[in-house]
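I have placed the structure first, in the form of C-alpha cells, so that the comments after it can refer back to it.
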Amino acid sequence: MSETTAASGPSQGSQGSQPSQEFEKVLTGSSTQVASFDTNDKTAIQKFQHFLHGSPSAVPLIVLVLSVAVFGAVLGGKFFSAFTLTLILQQVAIVGIVGAAQTLVILTAGIDLSVGAIMVLSSVVMGQFTFRYGLPPVVAVACGLACGALCGYINGLLVARMRLPPFIVTLGMWQIILASNFLYSANETIRSQDIATQAPLLQFFGNNLKLGSAVFTYGVIAMVLLVAVLWYVLNHTAWGRHVYAVGDDPDAAELAGVNVKRMLVSVYTLSGLICALAGWALIGRIGSVSPTAGQFANIESITAVVIGGLSLFGGRGSILGMIFGALIVGVFSLGLRLIGTDPQWTYLLIGVLIISAVAIDQWIRKVAG
C-alpha cells in the first residue's frame, strides 16, 4: 500500500494543474479574476430622475410653487392676499372634482371624454326633476347622482365587456349625452332666483365659509375631501392597488386574480357618480341650471391630469398631482389676468405645460425601462 501511494504521489503532483474530468477541459486558460460590480454612485441627474419616478406628484408641486413665487414677486400683496389665493381654489373646484373622475379612468390606461357632458346632464336632471316634475330637491339630487352613475356604468360595460377602445366609447357617449341634454332640457335655463327661493339645496355647494378675508365655498371643501378620500382609497386599499395593477398590465393583473372587467366597470361607474357630484357643485358655482355650462370640462380635466404628472399609459401617478395640475392652471389664469395680459397667453402657456409634462413623463419612464 505504501509503495503504491508513493508511486502515485509524484504523478498527481505533476498533473495538479490539469483538468481531471473531460468537461473541465473547457475551463483551461479561462480567467480566474474575481467578479466585480459597478459601485459608482449615480449622478445628481440620475438621482433626481429616480426621485421623480418614485414621486410622480413632485414635478407639478415644484411647478406650482415656482408659479406662485413668480406671480407673487411680480404682483406682491395683490396676489398673496388670502382672498386671491382662495379665489383660485374656488375657480378650480369644479375642474378638481371632474379631474378626480378623470384620474380614476386614466389610471386604468383609459380616457373619458364624456365627463363634462355627464356633469351637465346630471345638473339638468336635478333641476328639471325639481321644477318640471315637482319632486323634493333631495330626491331630485339623488336622481341626478344616479343618472351620472348610470352613464358611467354604460361606459364601463362597453369598455370592459365589449372590449371597445375607451377613447371611441367615451367620444360617442359624449355626443349622445350632450344631445340628450339639449333635447331633454329644451335648452332651458333655470334661473338662480327661482332656485334660491324654491330649492336652495341645489345651490348648497355655492354657500361659503369665511375665515378672515379667506373665503372657502362648500364646493372647495367637497373637492378637498373627495381628493383626500380617493388618495387614501388608491394607496391603502385592495381596490386602489387593483386600479393601478389594471392600468399597468391588465393581463398580469388577471393572472394575479384581479377581475379586470369588474374593476373597469366599477371605475367608470364611480367616475360617473363623481361627475354627477360635480354637476351639483356646478349649480352652486354658477347659481343656475344651464345646459350650456361646463362644455370644456372634459378638456380641462385632462389638462389637469396631464400637467399633474399622471401617465396616459396608465398605472402611474397620484391624484394629488391632478390637484396640483389644476391649481397650476388656476394660478396662471388668475395671475396673468391680474397682470393685464391678453387671455390668449394663458392658453399658450398651458399648451406648453401640457407638452412639457408629457415629455418629462417619457423621460422619467426611462428609469423603469
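We name chains A, B, ... following the order of the C-alpha cells; residues begin at 1 in each chain, and ligands are numbered from 1 as shown.
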
*Filtered DSSP result for region 16-196 of chain A, state alpha helix (DSSP H), as a ChimeraX atom specification*: /A:44-54,58-75,77-80,82-107,115-131,137-160,166-185,192-196

*Hey, what's within 9 Å of region 356-365 of chain A if we count only C-alpha atoms and toss same-chain stuff fewer than 3 positions away? As a ChimeraX atom specification, please?*
/A:49-50,52-53,56,59-60,306-312,351-353,368-369

Would you export the selected residues with all heavy atoms as a compact mmCIF listing (two decimals), in the first residue's frame, please?
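Contents of the output file selection20.txt:
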# COMPACT_ATOMS: atom_id res chain seq x y z
N GLN A 49 -33.91 61.85 -11.26
CA GLN A 49 -34.81 61.09 -12.13
C GLN A 49 -35.48 59.95 -11.35
O GLN A 49 -36.69 59.73 -11.47
CB GLN A 49 -34.04 60.53 -13.32
CG GLN A 49 -34.91 59.93 -14.42
CD GLN A 49 -34.08 59.45 -15.59
OE1 GLN A 49 -32.85 59.35 -15.50
NE2 GLN A 49 -34.74 59.15 -16.69
N HIS A 50 -34.72 59.25 -10.52
CA HIS A 50 -35.27 58.17 -9.70
C HIS A 50 -36.24 58.72 -8.66
O HIS A 50 -37.27 58.11 -8.37
CB HIS A 50 -34.15 57.39 -9.01
CG HIS A 50 -33.51 56.36 -9.89
ND1 HIS A 50 -33.94 55.06 -9.94
CD2 HIS A 50 -32.47 56.45 -10.76
CE1 HIS A 50 -33.20 54.37 -10.80
NE2 HIS A 50 -32.30 55.20 -11.32
N LEU A 52 -38.12 61.42 -8.98
CA LEU A 52 -39.35 61.78 -9.67
C LEU A 52 -40.15 60.54 -10.05
O LEU A 52 -41.38 60.55 -10.05
CB LEU A 52 -39.03 62.60 -10.92
CG LEU A 52 -38.41 63.98 -10.69
CD1 LEU A 52 -38.17 64.68 -12.01
CD2 LEU A 52 -39.29 64.83 -9.79
N HIS A 53 -39.44 59.45 -10.38
CA HIS A 53 -40.14 58.21 -10.72
C HIS A 53 -40.88 57.66 -9.51
O HIS A 53 -41.99 57.11 -9.64
CB HIS A 53 -39.14 57.17 -11.24
CG HIS A 53 -39.78 55.91 -11.72
ND1 HIS A 53 -39.93 54.80 -10.90
CD2 HIS A 53 -40.34 55.57 -12.90
CE1 HIS A 53 -40.53 53.84 -11.57
NE2 HIS A 53 -40.80 54.28 -12.78
N PRO A 56 -44.40 60.79 -8.39
CA PRO A 56 -44.91 61.41 -9.63
C PRO A 56 -45.50 62.81 -9.43
O PRO A 56 -45.50 63.61 -10.35
CB PRO A 56 -46.00 60.43 -10.09
CG PRO A 56 -45.70 59.14 -9.39
CD PRO A 56 -45.08 59.52 -8.10
N VAL A 59 -43.16 66.76 -9.57
CA VAL A 59 -42.97 67.73 -10.66
C VAL A 59 -44.04 68.81 -10.65
O VAL A 59 -43.71 70.01 -10.65
CB VAL A 59 -42.92 67.01 -12.03
CG1 VAL A 59 -42.86 68.03 -13.16
CG2 VAL A 59 -41.73 66.08 -12.11
N PRO A 60 -45.34 68.46 -10.65
CA PRO A 60 -46.33 69.53 -10.61
C PRO A 60 -46.27 70.36 -9.34
O PRO A 60 -46.57 71.57 -9.38
CB PRO A 60 -47.67 68.78 -10.71
CG PRO A 60 -47.37 67.38 -10.31
CD PRO A 60 -45.96 67.13 -10.77
N VAL A 306 -52.85 65.63 -16.97
CA VAL A 306 -51.57 65.54 -17.69
C VAL A 306 -50.52 66.43 -17.03
O VAL A 306 -49.39 66.00 -16.77
CB VAL A 306 -51.75 65.92 -19.17
CG1 VAL A 306 -50.40 66.03 -19.87
CG2 VAL A 306 -52.62 64.89 -19.88
N ILE A 307 -50.89 67.69 -16.74
CA ILE A 307 -49.94 68.58 -16.08
C ILE A 307 -49.60 68.05 -14.69
O ILE A 307 -48.50 68.26 -14.17
CB ILE A 307 -50.52 70.01 -15.99
CG1 ILE A 307 -50.68 70.60 -17.40
CG2 ILE A 307 -49.61 70.92 -15.16
CD1 ILE A 307 -51.28 71.98 -17.41
N GLY A 308 -50.54 67.32 -14.09
CA GLY A 308 -50.31 66.75 -12.76
C GLY A 308 -49.40 65.55 -12.73
O GLY A 308 -49.19 64.97 -11.65
N GLY A 309 -48.88 65.13 -13.88
CA GLY A 309 -47.87 64.08 -13.89
C GLY A 309 -48.40 62.67 -13.99
O GLY A 309 -47.63 61.72 -13.88
N LEU A 310 -49.70 62.49 -14.20
CA LEU A 310 -50.22 61.13 -14.38
C LEU A 310 -49.91 60.64 -15.79
O LEU A 310 -50.04 61.40 -16.75
CB LEU A 310 -51.73 61.09 -14.14
CG LEU A 310 -52.15 61.03 -12.66
CD1 LEU A 310 -52.30 62.43 -12.10
CD2 LEU A 310 -53.45 60.28 -12.51
N SER A 311 -49.50 59.40 -15.89
CA SER A 311 -49.14 58.84 -17.19
C SER A 311 -50.39 58.44 -17.95
O SER A 311 -51.27 57.76 -17.42
CB SER A 311 -48.23 57.62 -17.00
OG SER A 311 -47.98 57.00 -18.25
N LEU A 312 -50.48 58.86 -19.20
CA LEU A 312 -51.60 58.47 -20.05
C LEU A 312 -51.54 57.00 -20.42
O LEU A 312 -52.50 56.46 -20.97
CB LEU A 312 -51.63 59.33 -21.31
CG LEU A 312 -51.95 60.82 -21.11
CD1 LEU A 312 -51.85 61.57 -22.42
CD2 LEU A 312 -53.32 61.00 -20.49
N GLY A 351 -50.63 75.21 -23.01
CA GLY A 351 -50.23 74.27 -24.06
C GLY A 351 -48.78 73.85 -23.92
O GLY A 351 -48.44 72.66 -24.07
N VAL A 352 -47.91 74.80 -23.60
CA VAL A 352 -46.51 74.48 -23.38
C VAL A 352 -46.35 73.55 -22.18
O VAL A 352 -45.56 72.59 -22.20
CB VAL A 352 -45.69 75.78 -23.17
CG1 VAL A 352 -44.26 75.46 -22.73
CG2 VAL A 352 -45.67 76.61 -24.45
N LEU A 353 -47.11 73.81 -21.12
CA LEU A 353 -47.04 72.97 -19.93
C LEU A 353 -47.49 71.54 -20.22
O LEU A 353 -46.89 70.58 -19.72
CB LEU A 353 -47.91 73.56 -18.82
CG LEU A 353 -47.37 74.80 -18.10
CD1 LEU A 353 -48.41 75.36 -17.15
CD2 LEU A 353 -46.08 74.48 -17.35
N ALA A 368 -37.81 53.15 -15.35
CA ALA A 368 -38.46 51.83 -15.26
C ALA A 368 -38.05 50.94 -16.41
O ALA A 368 -37.99 49.72 -16.28
CB ALA A 368 -39.99 52.01 -15.26
N GLY A 369 -37.75 51.55 -17.58
CA GLY A 369 -37.35 50.74 -18.72
C GLY A 369 -35.97 50.17 -18.58
O GLY A 369 -35.66 49.13 -19.14

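For the residues A:Gly206, A:Pro291, A:Pro343, A:Gly54, ranking by smallest atom-to-atom distance to Phe182 (chain A) using only C-alpha atoms places A:Pro291 first.
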
_Among the residues A:Tyr232, A:Val227, A:Phe131, A:Leu113, the one that comes closest to Ile176 (chain A) [using only C-alpha atoms]_ = A:Leu113

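Backbone DSSP over region 158-227 of chain A yields strand (DSSP E or B) at A:Ile190, A:Asn208, A:Leu209, A:Lys210, A:Leu211, A:Ala214, A:Val215, A:Phe216, A:Thr217.
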
Selection above as a file: N, CA, C and O atoms, as a PDB file, in the first residue's frame:
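Saved file part_24.pdb follows:
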ATOM      1  N   ILE A 190     -82.729  77.290 -15.891  1.00  0.00           N
ATOM      2  CA  ILE A 190     -83.494  77.562 -14.673  1.00  0.00           C
ATOM      3  C   ILE A 190     -82.785  78.666 -13.906  1.00  0.00           C
ATOM      4  O   ILE A 190     -81.618  78.527 -13.543  1.00  0.00           O
ATOM      5  N   ASN A 208     -70.693  79.597   1.381  1.00  0.00           N
ATOM      6  CA  ASN A 208     -69.276  79.756   1.706  1.00  0.00           C
ATOM      7  C   ASN A 208     -69.040  79.865   3.196  1.00  0.00           C
ATOM      8  O   ASN A 208     -69.953  80.119   3.984  1.00  0.00           O
ATOM      9  N   LEU A 209     -67.779  79.649   3.528  1.00  0.00           N
ATOM     10  CA  LEU A 209     -67.306  79.735   4.906  1.00  0.00           C
ATOM     11  C   LEU A 209     -66.166  80.748   4.928  1.00  0.00           C
ATOM     12  O   LEU A 209     -65.170  80.580   4.218  1.00  0.00           O
ATOM     13  N   LYS A 210     -66.307  81.804   5.716  1.00  0.00           N
ATOM     14  CA  LYS A 210     -65.307  82.872   5.752  1.00  0.00           C
ATOM     15  C   LYS A 210     -64.402  82.712   6.972  1.00  0.00           C
ATOM     16  O   LYS A 210     -64.866  82.533   8.096  1.00  0.00           O
ATOM     17  N   LEU A 211     -63.115  82.784   6.712  1.00  0.00           N
ATOM     18  CA  LEU A 211     -62.107  82.792   7.762  1.00  0.00           C
ATOM     19  C   LEU A 211     -61.251  84.036   7.552  1.00  0.00           C
ATOM     20  O   LEU A 211     -60.291  84.026   6.783  1.00  0.00           O
ATOM     21  N   ALA A 214     -60.279  85.200   3.908  1.00  0.00           N
ATOM     22  CA  ALA A 214     -60.313  83.995   3.076  1.00  0.00           C
ATOM     23  C   ALA A 214     -61.749  83.482   2.980  1.00  0.00           C
ATOM     24  O   ALA A 214     -62.475  83.462   3.973  1.00  0.00           O
ATOM     25  N   VAL A 215     -62.136  83.086   1.765  1.00  0.00           N
ATOM     26  CA  VAL A 215     -63.493  82.607   1.520  1.00  0.00           C
ATOM     27  C   VAL A 215     -63.416  81.202   0.921  1.00  0.00           C
ATOM     28  O   VAL A 215     -62.882  81.017  -0.179  1.00  0.00           O
ATOM     29  N   PHE A 216     -63.952  80.223   1.635  1.00  0.00           N
ATOM     30  CA  PHE A 216     -63.978  78.843   1.165  1.00  0.00           C
ATOM     31  C   PHE A 216     -65.421  78.447   0.889  1.00  0.00           C
ATOM     32  O   PHE A 216     -66.255  78.439   1.802  1.00  0.00           O
ATOM     33  N   THR A 217     -65.730  78.134  -0.346  1.00  0.00           N
ATOM     34  CA  THR A 217     -67.066  77.646  -0.654  1.00  0.00           C
ATOM     35  C   THR A 217     -67.161  76.169  -0.280  1.00  0.00           C
ATOM     36  O   THR A 217     -66.143  75.475  -0.158  1.00  0.00           O
TER      37      THR A 217
END

*Neighbours of Leu320 (chain A) within 12 Å (only C-alpha atoms; same-chain residues fewer than 6 positions away dropped), as an MDAnalysis selection string?*
chainID A and resid 55:61 96 99:100 103 223:232 234:235 304:305 307:310 326:327

*Extract, using only C-alpha atoms, all DNA, RNA and protein residues at most 10 Å from region 148-153 of chain A, discarding same-chain residues fewer than 5 positions from it, and format them as a ChimeraX atom specification.*
/A:112,114-115,117-123,125,143,158-159,170,173,177,264-279

Would you save the residues of that selection, restricted to N, CA, C and O atoms, as a compact mmCIF listing (two decimals), in the first residue's frame?
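Contents of the output file selection_21.txt:
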# COMPACT_ATOMS: atom_id res chain seq x y z
N ASP A 112 -61.69 59.37 -20.57
CA ASP A 112 -63.13 59.61 -20.58
C ASP A 112 -63.40 61.00 -21.12
O ASP A 112 -63.19 62.01 -20.42
N SER A 114 -66.35 61.99 -21.92
CA SER A 114 -67.75 62.32 -21.64
C SER A 114 -67.96 62.90 -20.25
O SER A 114 -69.11 63.13 -19.85
N VAL A 115 -66.91 63.14 -19.48
CA VAL A 115 -67.07 63.59 -18.09
C VAL A 115 -67.82 64.92 -18.02
O VAL A 115 -68.68 65.11 -17.15
N ALA A 117 -69.97 66.20 -20.22
CA ALA A 117 -71.37 66.02 -20.60
C ALA A 117 -72.16 65.34 -19.49
O ALA A 117 -73.32 65.70 -19.23
N ILE A 118 -71.56 64.35 -18.82
CA ILE A 118 -72.24 63.69 -17.70
C ILE A 118 -72.50 64.68 -16.58
O ILE A 118 -73.58 64.68 -15.97
N MET A 119 -71.53 65.53 -16.31
CA MET A 119 -71.69 66.55 -15.27
C MET A 119 -72.88 67.46 -15.57
O MET A 119 -73.75 67.68 -14.71
N VAL A 120 -72.95 67.97 -16.80
CA VAL A 120 -74.02 68.90 -17.16
C VAL A 120 -75.38 68.21 -17.17
O VAL A 120 -76.38 68.74 -16.67
N LEU A 121 -75.45 66.99 -17.74
CA LEU A 121 -76.72 66.27 -17.78
C LEU A 121 -77.22 66.00 -16.36
O LEU A 121 -78.43 66.12 -16.09
N SER A 122 -76.33 65.63 -15.46
CA SER A 122 -76.73 65.36 -14.08
C SER A 122 -77.30 66.62 -13.42
O SER A 122 -78.31 66.54 -12.70
N SER A 123 -76.69 67.77 -13.68
CA SER A 123 -77.21 69.02 -13.11
C SER A 123 -78.57 69.37 -13.71
O SER A 123 -79.46 69.85 -13.00
N VAL A 125 -80.78 67.19 -14.85
CA VAL A 125 -81.75 66.26 -14.25
C VAL A 125 -82.17 66.76 -12.87
O VAL A 125 -83.37 66.73 -12.52
N CYS A 143 -81.61 61.54 -7.88
CA CYS A 143 -81.83 61.10 -9.27
C CYS A 143 -80.69 61.58 -10.17
O CYS A 143 -80.25 60.85 -11.08
N LEU A 158 -69.32 48.97 -21.97
CA LEU A 158 -68.84 48.97 -23.35
C LEU A 158 -67.34 48.76 -23.43
O LEU A 158 -66.84 48.08 -24.33
N VAL A 159 -66.61 49.32 -22.46
CA VAL A 159 -65.15 49.17 -22.46
C VAL A 159 -64.74 47.79 -21.98
O VAL A 159 -63.88 47.12 -22.58
N THR A 170 -66.14 56.74 -25.15
CA THR A 170 -66.48 57.98 -24.45
C THR A 170 -66.68 59.14 -25.43
O THR A 170 -67.42 60.08 -25.12
N MET A 173 -70.24 58.53 -26.43
CA MET A 173 -71.13 58.86 -25.32
C MET A 173 -71.18 60.36 -25.07
O MET A 173 -72.22 60.90 -24.66
N ILE A 177 -74.78 61.95 -24.90
CA ILE A 177 -75.22 62.61 -23.66
C ILE A 177 -75.44 64.10 -23.91
O ILE A 177 -76.41 64.70 -23.40
N LEU A 264 -62.94 47.55 -14.15
CA LEU A 264 -63.17 48.63 -15.11
C LEU A 264 -64.59 49.18 -14.99
O LEU A 264 -64.80 50.40 -15.02
N VAL A 265 -65.57 48.29 -14.83
CA VAL A 265 -66.95 48.74 -14.68
C VAL A 265 -67.10 49.59 -13.42
O VAL A 265 -67.75 50.64 -13.43
N SER A 266 -66.48 49.15 -12.33
CA SER A 266 -66.58 49.91 -11.07
C SER A 266 -65.90 51.27 -11.19
O SER A 266 -66.40 52.27 -10.66
N VAL A 267 -64.77 51.33 -11.89
CA VAL A 267 -64.05 52.60 -12.05
C VAL A 267 -64.88 53.59 -12.87
O VAL A 267 -65.04 54.76 -12.48
N TYR A 268 -65.45 53.15 -13.98
CA TYR A 268 -66.23 54.06 -14.82
C TYR A 268 -67.53 54.47 -14.12
O TYR A 268 -67.99 55.61 -14.27
N THR A 269 -68.12 53.55 -13.36
CA THR A 269 -69.35 53.90 -12.62
C THR A 269 -69.06 54.95 -11.55
O THR A 269 -69.81 55.93 -11.40
N LEU A 270 -67.98 54.74 -10.81
CA LEU A 270 -67.59 55.72 -9.79
C LEU A 270 -67.24 57.05 -10.44
O LEU A 270 -67.56 58.13 -9.89
N SER A 271 -66.59 57.00 -11.58
CA SER A 271 -66.26 58.22 -12.31
C SER A 271 -67.53 59.00 -12.67
O SER A 271 -67.60 60.22 -12.51
N GLY A 272 -68.55 58.29 -13.17
CA GLY A 272 -69.81 58.94 -13.50
C GLY A 272 -70.49 59.55 -12.28
O GLY A 272 -71.05 60.65 -12.34
N LEU A 273 -70.42 58.85 -11.14
CA LEU A 273 -71.01 59.37 -9.91
C LEU A 273 -70.30 60.64 -9.46
O LEU A 273 -70.95 61.61 -9.03
N ILE A 274 -68.97 60.66 -9.57
CA ILE A 274 -68.21 61.86 -9.20
C ILE A 274 -68.55 63.02 -10.14
O ILE A 274 -68.65 64.18 -9.71
N CYS A 275 -68.75 62.73 -11.41
CA CYS A 275 -69.14 63.78 -12.35
C CYS A 275 -70.50 64.36 -11.99
O CYS A 275 -70.74 65.57 -12.14
N ALA A 276 -71.42 63.50 -11.52
CA ALA A 276 -72.72 63.98 -11.08
C ALA A 276 -72.57 64.89 -9.86
O ALA A 276 -73.27 65.91 -9.74
N LEU A 277 -71.65 64.54 -8.96
CA LEU A 277 -71.36 65.41 -7.81
C LEU A 277 -70.84 66.76 -8.31
O LEU A 277 -71.21 67.81 -7.77
N ALA A 278 -70.00 66.73 -9.34
CA ALA A 278 -69.51 67.97 -9.93
C ALA A 278 -70.65 68.78 -10.53
O ALA A 278 -70.65 70.02 -10.48
N GLY A 279 -71.67 68.10 -11.10
CA GLY A 279 -72.83 68.79 -11.62
C GLY A 279 -73.59 69.52 -10.53
O GLY A 279 -74.06 70.65 -10.73

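For the pair CA of Thr292 (chain A) and CA of Glu188 (chain A), the separation is 9.4 Å.
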
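Using only C-alpha atoms, the nearest neighbour of Leu336 (chain A) within the list A:Ile319, A:Ala142, A:Ile350, A:Met126 is A:Ile350.
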
*Name all residues at most 10 Å from Ala245 (chain A) (count only C-alpha atoms; drop same-chain ones fewer than 4 positions away) and give them as number ranges by chain.*
A: 107-108, 239-241, 249-254, 256, 258, 260, 314-316

Mind checking which residues fall within 8 Å of Val124 (chain A), counting only C-alpha atoms, ignoring those fewer than 5 positions away in the same chain, and posting them as a compact mmCIF listing (two decimals) with C-alpha atoms, in the first residue's frame?
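Output file part_13.txt follows:
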# COMPACT_ATOMS: atom_id res chain seq x y z
CA GLY A 144 -79.09 63.30 -10.71
CA ASN A 181 -79.05 67.04 -22.53
CA SER A 185 -83.92 70.42 -21.29
CA VAL A 289 -79.06 75.19 -14.06
CA SER A 290 -77.78 75.72 -17.59
CA PRO A 291 -77.46 73.02 -20.28

*Which of A:Val138, A:Ser288, A:Pro165, A:Leu282 sits closest to Ile195 (chain A) [using only C-alpha atoms]*: A:Ser288

_Need to verify the contact set: Gly110 (chain A), 6 Å, only C-alpha atoms, exclusion of same-chain residues closer than 3 positions in sequence. Can you return it as a PyMOL selection string?_
chain A and resi 105-106+166

Store the residues picked out above in a file with all heavy atoms, as a PDB file, in the first residue's frame.
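Below you can see again31.pdb, which holds the result:
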ATOM      1  N   VAL A 105     -60.065  56.959 -14.283  1.00  0.00           N
ATOM      2  CA  VAL A 105     -60.111  56.309 -15.601  1.00  0.00           C
ATOM      3  C   VAL A 105     -58.722  56.237 -16.221  1.00  0.00           C
ATOM      4  O   VAL A 105     -58.318  55.198 -16.755  1.00  0.00           O
ATOM      5  CB  VAL A 105     -61.086  57.060 -16.526  1.00  0.00           C
ATOM      6  CG1 VAL A 105     -61.063  56.462 -17.931  1.00  0.00           C
ATOM      7  CG2 VAL A 105     -62.500  57.014 -15.964  1.00  0.00           C
ATOM      8  N   ILE A 106     -57.971  57.317 -16.150  1.00  0.00           N
ATOM      9  CA  ILE A 106     -56.645  57.343 -16.769  1.00  0.00           C
ATOM     10  C   ILE A 106     -55.684  56.402 -16.053  1.00  0.00           C
ATOM     11  O   ILE A 106     -54.777  55.829 -16.683  1.00  0.00           O
ATOM     12  CB  ILE A 106     -56.107  58.789 -16.806  1.00  0.00           C
ATOM     13  CG1 ILE A 106     -56.879  59.587 -17.871  1.00  0.00           C
ATOM     14  CG2 ILE A 106     -54.609  58.834 -17.090  1.00  0.00           C
ATOM     15  CD1 ILE A 106     -56.421  61.010 -18.050  1.00  0.00           C
ATOM     16  N   PRO A 166     -61.578  52.830 -25.060  1.00  0.00           N
ATOM     17  CA  PRO A 166     -62.184  53.872 -24.221  1.00  0.00           C
ATOM     18  C   PRO A 166     -62.350  55.209 -24.947  1.00  0.00           C
ATOM     19  O   PRO A 166     -63.348  55.906 -24.740  1.00  0.00           O
ATOM     20  CB  PRO A 166     -61.199  53.996 -23.051  1.00  0.00           C
ATOM     21  CG  PRO A 166     -60.514  52.683 -22.996  1.00  0.00           C
ATOM     22  CD  PRO A 166     -60.415  52.209 -24.409  1.00  0.00           C
TER      23      PRO A 166
END
